[in-house]
$ cat input02.tsv   # TSV, C-alpha atoms
chain	number	residue	atom	x	y	z
K	1	MET	CA	22.28	-8.44	10.76
K	2	TYR	CA	18.68	-8.75	9.55
K	3	LYS	CA	19.74	-10.53	6.36
K	4	PHE	CA	21.60	-13.10	8.46
K	5	PHE	CA	18.51	-13.54	10.66
K	6	PHE	CA	16.25	-13.78	7.60
K	7	ASN	CA	18.38	-16.52	6.07
K	8	LEU	CA	18.75	-18.35	9.38
K	9	VAL	CA	15.14	-18.16	10.60
K	10	PHE	CA	12.49	-16.59	8.38
K	11	LYS	CA	13.66	-18.17	5.11
K	12	ARG	CA	13.25	-21.63	6.67
K	13	MET	CA	9.72	-20.87	7.87
K	14	ASP	CA	6.43	-20.92	6.02
K	15	PRO	CA	6.01	-17.33	4.75
K	16	GLU	CA	2.63	-16.81	6.40
K	17	ALA	CA	3.87	-18.22	9.71
K	18	ALA	CA	6.91	-15.93	9.53
K	19	HIS	CA	4.61	-12.97	8.85
K	20	HIS	CA	2.51	-13.71	11.94
K	21	LEU	CA	5.62	-14.13	14.09
K	22	ALA	CA	7.11	-10.81	12.96
K	23	PHE	CA	3.69	-9.17	13.37
K	24	ARG	CA	3.46	-10.34	16.99
K	25	TRP	CA	6.96	-9.04	17.76
K	26	ILE	CA	6.13	-5.62	16.31
K	27	ARG	CA	2.90	-5.40	18.30
K	28	LEU	CA	4.62	-6.46	21.51
K	29	ALA	CA	7.44	-3.94	21.09
K	30	ALA	CA	4.93	-1.14	20.55
K	31	ARG	CA	3.22	-1.98	23.85
K	32	VAL	CA	6.34	-1.49	25.99
K	33	PRO	CA	6.81	2.27	26.63
K	34	VAL	CA	10.60	2.41	27.05
K	35	LEU	CA	11.27	-0.12	24.30
K	36	ARG	CA	9.00	1.55	21.74
K	37	THR	CA	10.59	4.94	22.44
K	38	PHE	CA	14.05	3.48	21.90
K	39	VAL	CA	13.02	1.64	18.72
K	40	ALA	CA	11.32	4.72	17.27
K	41	ALA	CA	14.38	6.86	18.01
K	42	ALA	CA	16.58	4.36	16.16
K	43	LEU	CA	14.31	3.47	13.24
K	44	ALA	CA	12.09	6.53	12.74
K	45	PRO	CA	14.30	9.63	12.69
K	46	ARG	CA	12.46	12.61	11.21
K	47	TYR	CA	13.79	14.73	8.36
K	48	GLU	CA	12.22	18.17	8.26
K	49	GLU	CA	12.89	18.47	4.51
K	50	LEU	CA	10.77	15.36	3.85
K	51	ARG	CA	7.63	16.67	5.53
K	52	THR	CA	4.75	16.11	3.16
K	53	GLU	CA	1.26	17.48	2.66
K	54	ALA	CA	-1.03	15.24	0.66
K	55	LEU	CA	-4.76	14.61	0.55
K	56	GLY	CA	-5.16	17.57	2.90
K	57	LEU	CA	-3.08	15.71	5.50
K	58	ARG	CA	0.30	16.47	7.02
K	59	MET	CA	2.81	13.65	7.28
K	60	HIS	CA	6.36	13.31	8.55
K	61	GLY	CA	7.38	12.14	5.08
K	62	PRO	CA	6.08	10.55	1.90
K	63	PHE	CA	6.79	6.88	2.66
K	64	GLY	CA	4.05	4.62	3.95
K	65	LEU	CA	3.16	0.98	4.46
K	66	ALA	CA	1.00	-0.46	1.70
K	67	ALA	CA	-2.19	-2.38	2.44
K	68	GLY	CA	-1.86	-6.10	3.08
K	69	PHE	CA	0.54	-6.20	6.01
K	70	ASP	CA	-1.85	-5.00	8.71
K	71	LYS	CA	-5.19	-6.28	7.48
K	72	ASN	CA	-7.10	-5.74	10.71
K	73	ALA	CA	-5.68	-2.49	12.14
K	74	ALA	CA	-3.83	-4.38	14.86
K	75	ALA	CA	-0.32	-2.90	14.56
K	76	ILE	CA	-0.65	0.72	13.47
K	77	ASP	CA	1.54	2.07	16.26
K	78	GLY	CA	4.07	-0.68	15.68
K	79	MET	CA	4.45	0.21	12.02
K	80	SER	CA	4.71	3.91	12.85
K	81	MET	CA	7.38	2.97	15.40
K	82	LEU	CA	9.32	1.38	12.52
K	83	GLY	CA	9.27	4.65	10.60
K	84	PHE	CA	6.36	4.47	8.17
K	85	ASP	CA	4.82	7.91	7.63
K	86	HIS	CA	1.38	6.52	6.97
K	87	VAL	CA	-0.14	3.09	7.44
K	88	GLU	CA	-2.77	1.71	5.09
K	89	ILE	CA	-4.74	-1.06	6.77
K	90	GLY	CA	-6.79	-3.73	5.04
K	91	THR	CA	-8.02	-4.83	2.66
K	92	VAL	CA	-11.19	-4.92	4.78
K	93	THR	CA	-14.45	-6.43	3.51
K	94	ALA	CA	-17.99	-5.91	4.77
K	95	GLN	CA	-18.19	-9.49	6.04
K	96	ALA	CA	-15.44	-11.32	7.90
K	97	GLN	CA	-13.84	-14.02	5.77
K	98	PRO	CA	-11.03	-16.55	6.18
K	99	GLY	CA	-9.52	-16.00	2.75
K	100	ASN	CA	-8.31	-18.72	0.44
K	101	PRO	CA	-7.03	-22.10	1.63
K	102	ARG	CA	-3.39	-22.31	2.69
K	103	LYS	CA	-0.72	-22.45	1.33
K	104	ARG	CA	-1.35	-19.00	-0.12
K	105	LEU	CA	1.80	-16.92	0.33
K	106	PHE	CA	5.10	-17.64	-1.42
K	107	ARG	CA	8.55	-16.04	-1.39
K	108	LEU	CA	10.53	-15.68	-4.60
K	109	VAL	CA	13.79	-14.87	-2.85
K	110	PRO	CA	16.09	-14.59	-5.91
K	111	ASP	CA	13.61	-12.09	-7.38
K	112	ARG	CA	12.95	-10.24	-4.13
K	113	ALA	CA	9.28	-10.84	-4.76
K	114	LEU	CA	6.18	-12.43	-3.24
K	115	ILE	CA	3.20	-14.23	-4.70
K	116	ASN	CA	0.02	-14.15	-2.66
K	117	ARG	CA	-3.48	-15.47	-3.09
K	118	MET	CA	-4.62	-14.54	0.40
K	119	GLY	CA	-8.15	-13.69	-0.71
K	120	PHE	CA	-8.87	-10.72	1.57
K	121	ASN	CA	-8.69	-12.67	4.84
K	122	ASN	CA	-9.84	-10.22	7.51
K	123	ASP	CA	-12.09	-9.75	10.54
K	124	GLY	CA	-14.74	-7.76	8.65
K	125	SER	CA	-15.52	-4.06	8.65
K	126	ALA	CA	-17.57	-4.06	11.86
K	127	ALA	CA	-14.76	-5.62	13.91
K	128	VAL	CA	-12.08	-3.43	12.32
K	129	ALA	CA	-14.17	-0.30	12.89
K	130	ALA	CA	-14.54	-1.22	16.56
K	131	ARG	CA	-10.79	-1.74	16.86
K	132	LEU	CA	-10.07	1.63	15.25
K	133	ALA	CA	-12.63	3.36	17.50
K	134	ALA	CA	-11.02	1.88	20.61
K	135	ARG	CA	-7.45	2.69	19.54
K	136	ARG	CA	-5.48	5.06	21.75
K	137	GLU	CA	-2.65	6.16	19.52
K	138	VAL	CA	0.90	6.12	20.81
K	139	PHE	CA	2.48	7.53	17.67
K	140	ARG	CA	0.57	10.00	15.54
K	141	THR	CA	0.36	8.64	12.03
K	142	VAL	CA	-1.98	8.93	9.07
K	143	VAL	CA	-4.20	5.85	8.76
K	144	GLY	CA	-5.63	4.85	5.41
K	145	VAL	CA	-8.40	2.25	5.20
K	146	ASN	CA	-8.47	-0.01	2.15
K	147	ILE	CA	-11.83	-1.67	1.41
K	148	GLY	CA	-12.72	-4.49	-0.97
K	149	LYS	CA	-15.58	-6.76	-1.98
K	150	THR	CA	-16.67	-9.71	0.13
K	151	LYS	CA	-16.03	-12.89	-1.87
K	152	VAL	CA	-19.54	-14.37	-1.48
K	153	VAL	CA	-21.24	-11.16	-2.60
K	154	PRO	CA	-22.21	-11.26	-6.30
K	155	GLU	CA	-20.60	-8.71	-8.59
K	156	GLU	CA	-23.95	-7.02	-9.22
K	157	GLU	CA	-24.26	-6.37	-5.45
K	158	ALA	CA	-20.73	-5.06	-5.04
K	159	VAL	CA	-21.74	-1.42	-4.63
K	160	GLY	CA	-23.86	-2.14	-1.57
K	161	ASP	CA	-21.06	-4.23	-0.09
K	162	TYR	CA	-18.54	-1.38	-0.43
K	163	VAL	CA	-21.09	1.10	0.93
K	164	THR	CA	-21.56	-1.02	4.06
K	165	SER	CA	-17.83	-0.97	4.75
K	166	THR	CA	-17.69	2.76	4.03
K	167	GLU	CA	-20.48	3.52	6.51
K	168	ARG	CA	-18.66	1.57	9.21
K	169	LEU	CA	-15.10	2.70	8.54
K	170	ALA	CA	-15.09	6.19	7.03
K	171	ALA	CA	-15.24	7.96	10.39
K	172	HIS	CA	-12.04	6.21	11.46
K	173	ALA	CA	-10.09	6.76	8.23
K	174	ASP	CA	-7.75	9.62	7.41
K	175	TYR	CA	-8.29	8.49	3.84
K	176	LEU	CA	-10.30	5.71	2.19
K	177	VAL	CA	-9.20	3.42	-0.66
K	178	VAL	CA	-11.47	1.46	-2.98
K	179	ASN	CA	-9.59	-1.68	-3.96
K	180	VAL	CA	-10.82	-3.06	-7.28
K	181	SER	CA	-7.50	-4.55	-8.37
K	182	SER	CA	-6.71	-7.65	-6.32
K	183	PRO	CA	-6.53	-10.74	-8.55
K	184	ASN	CA	-7.60	-13.04	-5.71
K	185	THR	CA	-11.33	-12.25	-5.47
K	186	PRO	CA	-13.28	-13.56	-8.48
K	187	GLY	CA	-14.70	-10.77	-10.64
K	188	LEU	CA	-13.14	-7.97	-8.62
K	189	ARG	CA	-10.97	-6.62	-11.42
K	190	ASN	CA	-14.04	-6.29	-13.62
K	191	LEU	CA	-14.94	-3.32	-11.41
K	192	GLN	CA	-11.98	-1.38	-12.86
K	193	ALA	CA	-13.97	-0.85	-16.08
K	194	THR	CA	-15.20	2.73	-16.02
K	195	GLU	CA	-18.85	1.77	-16.54
K	196	ALA	CA	-18.68	-0.25	-13.28
K	197	LEU	CA	-16.21	1.99	-11.47
K	198	ARG	CA	-18.17	5.24	-11.91
K	199	PRO	CA	-21.27	4.17	-9.92
K	200	LEU	CA	-19.13	2.38	-7.34
K	201	LEU	CA	-16.96	5.38	-6.58
K	202	GLY	CA	-19.98	7.67	-6.63
K	203	ALA	CA	-21.79	5.52	-4.09
K	204	VAL	CA	-18.76	5.28	-1.80
K	205	ARG	CA	-18.24	9.05	-2.00
K	206	GLU	CA	-21.87	9.69	-1.11
K	207	ALA	CA	-21.74	7.19	1.77
K	208	ALA	CA	-18.56	8.74	3.18
K	209	ASP	CA	-20.03	12.24	3.00
K	210	ARG	CA	-23.27	11.10	4.60
K	211	THR	CA	-21.49	9.25	7.39
K	212	VAL	CA	-18.79	11.81	8.20
K	213	THR	CA	-20.14	15.36	8.21
K	214	GLY	CA	-17.40	17.24	10.06
K	215	ARG	CA	-14.72	16.75	7.41
K	216	ARG	CA	-14.20	15.40	3.92
K	217	VAL	CA	-12.66	11.92	3.89
K	218	PRO	CA	-10.26	11.71	0.92
K	219	LEU	CA	-11.18	8.91	-1.50
K	220	LEU	CA	-8.69	7.00	-3.65
K	221	VAL	CA	-8.85	4.02	-5.98
K	222	LYS	CA	-6.18	1.34	-6.32
K	223	ILE	CA	-5.58	-0.08	-9.79
K	224	ALA	CA	-3.69	-3.02	-11.26
K	225	PRO	CA	-0.51	-2.86	-13.35
K	226	ASP	CA	-2.18	-5.22	-15.83
K	227	LEU	CA	-4.57	-2.57	-17.18
K	228	ALA	CA	-4.05	-1.67	-20.83
K	229	ASP	CA	-2.75	1.86	-21.40
K	230	GLU	CA	-6.11	3.04	-22.71
K	231	ASP	CA	-7.80	1.73	-19.55
K	232	VAL	CA	-5.25	3.57	-17.39
K	233	ASP	CA	-6.17	6.73	-19.30
K	234	ALA	CA	-9.87	6.01	-18.75
K	235	VAL	CA	-9.39	5.65	-14.98
K	236	ALA	CA	-7.36	8.87	-14.93
K	237	ASP	CA	-10.09	10.75	-16.78
K	238	LEU	CA	-12.76	9.30	-14.50
K	239	ALA	CA	-10.81	10.38	-11.42
K	240	VAL	CA	-10.73	13.95	-12.68
K	241	GLU	CA	-14.40	13.83	-13.67
K	242	LEU	CA	-15.51	12.58	-10.24
K	243	GLY	CA	-13.17	14.80	-8.26
K	244	LEU	CA	-11.41	11.76	-6.84
K	245	ASP	CA	-8.64	12.60	-4.39
K	246	GLY	CA	-6.10	10.04	-5.48
K	247	ILE	CA	-5.06	6.96	-7.42
K	248	ILE	CA	-2.77	4.25	-6.05
K	249	ALA	CA	-0.61	2.67	-8.74
K	250	THR	CA	-0.24	-0.24	-8.57
K	251	ASN	CA	-1.46	-3.46	-7.02
K	252	THR	CA	0.04	-6.90	-7.72
K	253	THR	CA	0.30	-8.40	-11.20
K	254	ILE	CA	-0.91	-11.71	-12.62
K	255	ALA	CA	1.75	-11.49	-15.33
K	256	ARG	CA	4.81	-13.76	-15.28
K	257	ASP	CA	6.20	-13.61	-18.82
K	258	GLY	CA	8.81	-11.00	-19.68
K	259	LEU	CA	9.71	-10.24	-16.08
K	260	GLY	CA	12.99	-12.15	-16.09
K	261	LEU	CA	12.05	-14.20	-13.04
K	262	LYS	CA	14.90	-16.34	-11.69
K	263	SER	CA	13.08	-18.32	-9.01
K	264	ASP	CA	12.07	-21.97	-9.12
K	265	PRO	CA	9.56	-22.35	-12.01
K	266	ALA	CA	7.23	-24.27	-9.72
K	267	LEU	CA	7.02	-21.21	-7.47
K	268	VAL	CA	6.69	-18.79	-10.37
K	269	GLU	CA	3.70	-20.74	-11.66
K	270	GLU	CA	1.76	-20.42	-8.40
K	271	THR	CA	-1.47	-18.52	-8.97
K	272	GLY	CA	-1.95	-15.18	-7.27
K	273	GLY	CA	-0.63	-11.66	-7.39
K	274	LEU	CA	3.08	-11.08	-7.85
K	275	SER	CA	4.59	-8.16	-5.94
K	276	GLY	CA	8.05	-6.80	-5.30
K	277	ALA	CA	10.96	-5.95	-7.58
K	278	PRO	CA	9.61	-7.59	-10.79
K	279	VAL	CA	6.61	-5.22	-10.95
K	280	LYS	CA	8.74	-2.09	-10.59
K	281	GLU	CA	9.02	-1.15	-14.26
K	282	ARG	CA	5.36	-1.56	-15.15
K	283	SER	CA	4.21	0.22	-12.00
K	284	LEU	CA	6.51	3.11	-12.87
K	285	GLU	CA	5.14	3.20	-16.43
K	286	VAL	CA	1.56	3.35	-15.15
K	287	LEU	CA	2.48	6.12	-12.73
K	288	ARG	CA	4.11	8.21	-15.44
K	289	ARG	CA	1.09	7.75	-17.67
K	290	LEU	CA	-1.29	8.78	-14.91
K	291	TYR	CA	0.71	11.90	-14.04
K	292	ALA	CA	0.93	12.94	-17.69
K	293	ARG	CA	-2.87	12.68	-17.77
K	294	VAL	CA	-3.91	14.22	-14.45
K	295	GLY	CA	-0.96	16.40	-13.40
K	296	ASP	CA	-1.50	17.81	-9.94
K	297	ARG	CA	-5.29	17.54	-10.09
K	298	VAL	CA	-5.21	14.08	-8.48
K	299	THR	CA	-2.76	12.87	-5.83
K	300	LEU	CA	-0.82	9.83	-7.02
K	301	VAL	CA	0.58	7.14	-4.75
K	302	GLY	CA	3.38	5.00	-6.15
K	303	VAL	CA	3.64	1.40	-4.97
K	304	GLY	CA	5.07	-1.79	-6.43
K	305	GLY	CA	8.76	-2.65	-6.32
K	306	ILE	CA	9.87	0.10	-3.92
K	307	GLY	CA	12.98	-1.68	-2.71
K	308	ASN	CA	15.13	1.27	-1.70
K	309	ALA	CA	15.42	5.05	-1.65
K	310	GLU	CA	16.30	5.26	-5.35
K	311	ASP	CA	13.09	3.43	-6.27
K	312	ALA	CA	11.10	5.85	-4.09
K	313	TRP	CA	12.88	8.87	-5.58
K	314	GLN	CA	12.12	7.71	-9.12
K	315	ARG	CA	8.41	7.43	-8.23
K	316	ILE	CA	8.42	10.96	-6.86
K	317	LEU	CA	10.10	12.31	-9.99
K	318	ALA	CA	7.54	10.40	-12.06
K	319	GLY	CA	4.60	12.02	-10.26
K	320	ALA	CA	3.97	10.31	-6.93
K	321	THR	CA	3.37	12.57	-3.95
K	322	LEU	CA	3.33	9.50	-1.70
K	323	VAL	CA	5.08	6.15	-2.04
K	324	GLN	CA	4.39	2.85	-0.30
K	325	GLY	CA	6.25	-0.38	0.32
K	326	TYR	CA	5.45	-3.84	1.58
K	327	SER	CA	7.24	-6.73	-0.15
K	328	ALA	CA	10.70	-5.21	0.31
K	329	PHE	CA	9.98	-4.91	4.04
K	330	VAL	CA	10.06	-8.72	4.16
K	331	TYR	CA	13.58	-8.74	2.70
K	332	GLU	CA	14.99	-5.52	4.20
K	333	GLY	CA	13.59	-5.83	7.70
K	334	PRO	CA	13.13	-3.18	10.38
K	335	PHE	CA	15.65	-0.70	8.94
K	336	TYR	CA	13.74	-0.50	5.64
K	337	ALA	CA	11.85	2.76	6.26
K	338	ARG	CA	14.86	4.40	7.89
K	339	ALA	CA	17.04	3.63	4.85
K	340	VAL	CA	14.41	4.98	2.46
K	341	HIS	CA	14.06	8.23	4.43
K	342	LYS	CA	17.81	8.73	4.72
K	343	GLY	CA	18.29	8.09	1.01
K	344	LEU	CA	15.46	10.41	-0.01
K	345	ALA	CA	16.86	13.24	2.12
K	346	ALA	CA	20.29	12.74	0.53
K	347	ARG	CA	18.88	12.74	-3.00
K	348	LEU	CA	16.81	15.85	-2.38
K	349	ALA	CA	19.86	17.64	-0.96
K	350	VAL	CA	21.87	17.19	-4.18
K	351	SER	CA	18.92	17.69	-6.54
K	352	PRO	CA	17.94	20.96	-8.24
K	353	TYR	CA	14.67	20.98	-6.25
K	354	ALA	CA	14.23	23.14	-3.18
K	355	THR	CA	11.47	20.96	-1.73
K	356	LEU	CA	10.15	17.46	-2.13
K	357	ALA	CA	6.88	18.86	-3.51
K	358	GLU	CA	8.84	20.60	-6.25
K	359	ALA	CA	10.36	17.26	-7.29
K	360	VAL	CA	6.97	15.55	-7.72
K	361	GLY	CA	6.49	14.84	-11.42
K	362	ALA	CA	9.57	16.81	-12.48
K	363	GLU	CA	10.96	14.10	-14.78
K	364	THR	CA	7.58	13.39	-16.37
K	365	ARG	CA	7.04	17.09	-17.04
K	366	LYS	CA	10.54	17.34	-18.50
K	367	ALA	CA	9.90	14.39	-20.82
K	368	ALA	CA	6.64	15.94	-22.00
K	369	THR	CA	8.37	19.15	-23.08
K	370	ALA	CA	11.46	17.51	-24.62
$ encode --input "input02.tsv" --output "structure tokens"
Amino acid sequence: MYKFFFNLVFKRMDPEAAHHLAFRWIRLAARVPVLRTFVAAALAPRYEELRTEALGLRMHGPFGLAAGFDKNAAAIDGMSMLGFDHVEIGTVTAQAQPGNPRKRLFRLVPDRALINRMGFNNDGSAAVAARLAARREVFRTVVGVNIGKTKVVPEEEAVGDYVTSTERLAAHADYLVVNVSSPNTPGLRNLQATEALRPLLGAVREAADRTVTGRRVPLLVKIAPDLADEDVDAVADLAVELGLDGIIATNTTIARDGLGLKSDPALVEETGGLSGAPVKERSLEVLRRLYARVGDRVTLVGVGGIGNAEDAWQRILAGATLVQGYSAFVYEGPFYARAVHKGLAARLAVSPYATLAEAVGAETRKAATA
């Protein structure tokens, strides 16, 4: 039914306009008590065998919504209602900004992919912090907060910019993510180099600890699939050195060649980050490499091309404790999370693993000893 609706309505609309329309519907549904209860019962059934502990947090399962869909923390309950086990909001910057000029979001339907050059459009960390502080949760869910650099802030002042957002948002975050991997903010990816990343992560960690004294806010970093293998290794080693809680692998890619893209060449050539099915293989490679390097010392989150339960299962076997989706949600619709959960439970039931935690990294460990 959703595919028919997508082809009839959403496919004919501007992608960003369609996003805002769907976003409004989700928010509205979550505000109506009887309706949201009915929707959650249909779309968010819980599987006891999928219960997950990660980052010191307990979740209904391992499958969450990646950053980018709910930039301003406006639909957390709505996304939980649709079955996501955690919701990562953002990317949030210290200063409010409109993002890049439109048109800035493109669908590559034959490739089940998106290209975006949104440019961190968001209300700013002060407004988002106020919204999170005023939230009265309907559905209990883990909320991650993804922070990035304000576009007008020079690269040499990036640390202070991230610290400002951390001071405002850390108290409202179940976990905090430093995003240094979006291709749509000039100079941002330069911060992935370890000589720049080390002081940045150290400053954010110190700011989070200073701001939130009653608990430790887990800190993660999100990296790009375009990093060379040796740079992936360097980030992995740095994460262990700094006692980082997690790494999210991966963000969107600027690559186009070698991905077998079938969409209109004019669309393929649009600048911005490519997400969805075409990034699946490289994201999986990066994840395997990270797990081989860090093992269970750092929690890994697999994202990029998670189109179905099999994709999620392969990330878990590769080393991901948590997985996230976004682009496939556009194509799969409201039953997306339900299908992933059902498929994961079925795969775990016929696997040799007694628990989901036992399956994490099993294939990567097996390959290392072969």
$ atom_distance --input "input02.tsv" --atom1 "CA of Tyr175 in chain K" --atom2 "CA of Val235 in chain K"
19.1 Å
$ atom_distance --input "input02.tsv" --atom1 "CA of Lys103 in chain K" --atom2 "CA of Met13 in chain K"
12.4 Å
$ closest_residue --input "input02.tsv" --among "K:Arg282, K:Gly276, K:Val301, K:Asp70" --to "Leu220 in chain K" --atoms "only C-alpha atoms"
K:Val301
$ residues_around --input "input02.tsv" --residues "range 243-251 of chain K" --least-positions-apart "5" --cutoff "10 Å" --atoms "all atoms listed in the file" --output "PyMOL selection string"
chain K and resi 54-56+66-67+175-183+201-202+205+217-227+232+235-238+273-275+279-280+282-288+290+297-305+320-324
$ write_last_selection --input "input02.tsv" --atoms "C-alpha atoms" --output "mmCIF file, keeping the file's coordinate frame"
data_model
loop_
_atom_site.group_PDB
_atom_site.id
_atom_site.type_symbol
_atom_site.label_atom_id
_atom_site.label_comp_id
_atom_site.auth_asym_id
_atom_site.auth_seq_id
_atom_site.Cartn_x
_atom_site.Cartn_y
_atom_site.Cartn_z
ATOM 1 C CA ALA K 54 -1.030 15.240 0.660
ATOM 2 C CA LEU K 55 -4.760 14.610 0.550
ATOM 3 C CA GLY K 56 -5.160 17.570 2.900
ATOM 4 C CA ALA K 66 1.000 -0.460 1.700
ATOM 5 C CA ALA K 67 -2.190 -2.380 2.440
ATOM 6 C CA TYR K 175 -8.290 8.490 3.840
ATOM 7 C CA LEU K 176 -10.300 5.710 2.190
ATOM 8 C CA VAL K 177 -9.200 3.420 -0.660
ATOM 9 C CA VAL K 178 -11.470 1.460 -2.980
ATOM 10 C CA ASN K 179 -9.590 -1.680 -3.960
ATOM 11 C CA VAL K 180 -10.820 -3.060 -7.280
ATOM 12 C CA SER K 181 -7.500 -4.550 -8.370
ATOM 13 C CA SER K 182 -6.710 -7.650 -6.320
ATOM 14 C CA PRO K 183 -6.530 -10.740 -8.550
ATOM 15 C CA LEU K 201 -16.960 5.380 -6.580
ATOM 16 C CA GLY K 202 -19.980 7.670 -6.630
ATOM 17 C CA ARG K 205 -18.240 9.050 -2.000
ATOM 18 C CA VAL K 217 -12.660 11.920 3.890
ATOM 19 C CA PRO K 218 -10.260 11.710 0.920
ATOM 20 C CA LEU K 219 -11.180 8.910 -1.500
ATOM 21 C CA LEU K 220 -8.690 7.000 -3.650
ATOM 22 C CA VAL K 221 -8.850 4.020 -5.980
ATOM 23 C CA LYS K 222 -6.180 1.340 -6.320
ATOM 24 C CA ILE K 223 -5.580 -0.080 -9.790
ATOM 25 C CA ALA K 224 -3.690 -3.020 -11.260
ATOM 26 C CA PRO K 225 -0.510 -2.860 -13.350
ATOM 27 C CA ASP K 226 -2.180 -5.220 -15.830
ATOM 28 C CA LEU K 227 -4.570 -2.570 -17.180
ATOM 29 C CA VAL K 232 -5.250 3.570 -17.390
ATOM 30 C CA VAL K 235 -9.390 5.650 -14.980
ATOM 31 C CA ALA K 236 -7.360 8.870 -14.930
ATOM 32 C CA ASP K 237 -10.090 10.750 -16.780
ATOM 33 C CA LEU K 238 -12.760 9.300 -14.500
ATOM 34 C CA GLY K 273 -0.630 -11.660 -7.390
ATOM 35 C CA LEU K 274 3.080 -11.080 -7.850
ATOM 36 C CA SER K 275 4.590 -8.160 -5.940
ATOM 37 C CA VAL K 279 6.610 -5.220 -10.950
ATOM 38 C CA LYS K 280 8.740 -2.090 -10.590
ATOM 39 C CA ARG K 282 5.360 -1.560 -15.150
ATOM 40 C CA SER K 283 4.210 0.220 -12.000
ATOM 41 C CA LEU K 284 6.510 3.110 -12.870
ATOM 42 C CA GLU K 285 5.140 3.200 -16.430
ATOM 43 C CA VAL K 286 1.560 3.350 -15.150
ATOM 44 C CA LEU K 287 2.480 6.120 -12.730
ATOM 45 C CA ARG K 288 4.110 8.210 -15.440
ATOM 46 C CA LEU K 290 -1.290 8.780 -14.910
ATOM 47 C CA ARG K 297 -5.290 17.540 -10.090
ATOM 48 C CA VAL K 298 -5.210 14.080 -8.480
ATOM 49 C CA THR K 299 -2.760 12.870 -5.830
ATOM 50 C CA LEU K 300 -0.820 9.830 -7.020
ATOM 51 C CA VAL K 301 0.580 7.140 -4.750
ATOM 52 C CA GLY K 302 3.380 5.000 -6.150
ATOM 53 C CA VAL K 303 3.640 1.400 -4.970
ATOM 54 C CA GLY K 304 5.070 -1.790 -6.430
ATOM 55 C CA GLY K 305 8.760 -2.650 -6.320
ATOM 56 C CA ALA K 320 3.970 10.310 -6.930
ATOM 57 C CA THR K 321 3.370 12.570 -3.950
ATOM 58 C CA LEU K 322 3.330 9.500 -1.700
ATOM 59 C CA VAL K 323 5.080 6.150 -2.040
ATOM 60 C CA GLN K 324 4.390 2.850 -0.300
#
$ atom_distance --input "input02.tsv" --atom1 "CA of Ala196 in chain K" --atom2 "CA of Glu155 in chain K"
9.9 Å
$ residues_around --input "input02.tsv" --residues "Ala368 in chain K" --least-positions-apart "2" --cutoff "12 Å" --atoms "all atoms listed in the file" --output "ChimeraX atom specification"
/K:288-289,291-293,295,318,361-366,370
$ closest_atom_pairs --input "input02.tsv" --of "range 151-257 of chain K" --to "range 75-96 of chain K" --cutoff "8 Å" --atoms "only C-alpha atoms" --output "JSON lines"
{"residue": "K:Asp161", "atom": "CA", "partner": "K:Ala94", "partner_atom": "CA", "distance": 6.0}
{"residue": "K:Tyr162", "atom": "CA", "partner": "K:Ala94", "partner_atom": "CA", "distance": 6.9}
{"residue": "K:Thr164", "atom": "CA", "partner": "K:Ala94", "partner_atom": "CA", "distance": 6.1}
{"residue": "K:Ser165", "atom": "CA", "partner": "K:Ala94", "partner_atom": "CA", "distance": 4.9}
{"residue": "K:Asn179", "atom": "CA", "partner": "K:Thr91", "partner_atom": "CA", "distance": 7.5}
$ residues_around --input "input02.tsv" --residues "His60 in chain K" --least-positions-apart "4" --cutoff "7 Å" --atoms "all atoms listed in the file" --output "list in words"
Arg46, Leu50, Arg51, Thr52 and Asp85 of chain K
$ axis_aligned_box --input "input02.tsv" --around "range 159-164 of chain K" --padding-each-side "8 Å" --output "lines of an AutoDock Vina configuration file"
center_x = -21.2
center_y = -1.6
center_z = -0.3
size_x = 21.3
size_y = 21.3
size_z = 24.7
$ closest_residue --input "input02.tsv" --among "K:Thr271, K:Glu332, K:Gly64, K:Ala193" --to "Phe4 in chain K" --atoms "all atoms listed in the file"
K:Glu332
$ residues_around --input "input02.tsv" --residues "Arg112 in chain K" --least-positions-apart "2" --cutoff "7 Å" --atoms "all atoms listed in the file" --output "PyMOL selection string"
chain K and resi 108-110+276-277
$ closest_residue --input "input02.tsv" --among "K:Ala346, K:Leu261, K:Leu317, K:Val32" --to "Val360 in chain K" --atoms "all atoms listed in the file"
K:Leu317
$ closest_residue --input "input02.tsv" --among "K:Phe106, K:Tyr331, K:Phe120, K:Phe63" --to "Asp311 in chain K" --atoms "all atoms listed in the file"
K:Phe63
$ residues_around --input "input02.tsv" --residues "Val39 in chain K" --least-positions-apart "4" --cutoff "9 Å" --atoms "all atoms listed in the file" --output "ChimeraX atom specification"
/K:29-30,34-35,43-44,81-82
$ closest_residue --input "input02.tsv" --among "K:Asp14, K:Asp296, K:Glu270, K:Glu167" --to "Asp209 in chain K" --atoms "all atoms listed in the file"
K:Glu167
$ decode --input "input02.tsv" --residues "range 16-29 of chain K" --atoms "C-alpha atoms" --output "PDB file, in the first residue's frame"
ATOM      1  CA  GLU K  16      11.949  18.215   0.700  1.00  0.00           C
ATOM      2  CA  ALA K  17       8.262  19.159   0.509  1.00  0.00           C
ATOM      3  CA  ALA K  18       7.325  15.479   0.785  1.00  0.00           C
ATOM      4  CA  HIS K  19       9.591  15.150   3.825  1.00  0.00           C
ATOM      5  CA  HIS K  20       7.889  18.068   5.580  1.00  0.00           C
ATOM      6  CA  LEU K  21       4.437  16.690   4.772  1.00  0.00           C
ATOM      7  CA  ALA K  22       5.269  13.231   6.148  1.00  0.00           C
ATOM      8  CA  PHE K  23       6.931  14.859   9.166  1.00  0.00           C
ATOM      9  CA  ARG K  24       3.758  16.822   9.969  1.00  0.00           C
ATOM     10  CA  TRP K  25       1.604  13.697   9.696  1.00  0.00           C
ATOM     11  CA  ILE K  26       3.882  11.780  12.068  1.00  0.00           C
ATOM     12  CA  ARG K  27       3.848  14.610  14.605  1.00  0.00           C
ATOM     13  CA  LEU K  28       0.083  14.956  14.412  1.00  0.00           C
ATOM     14  CA  ALA K  29      -0.511  11.222  14.860  1.00  0.00           C
TER      15      ALA K  29
END
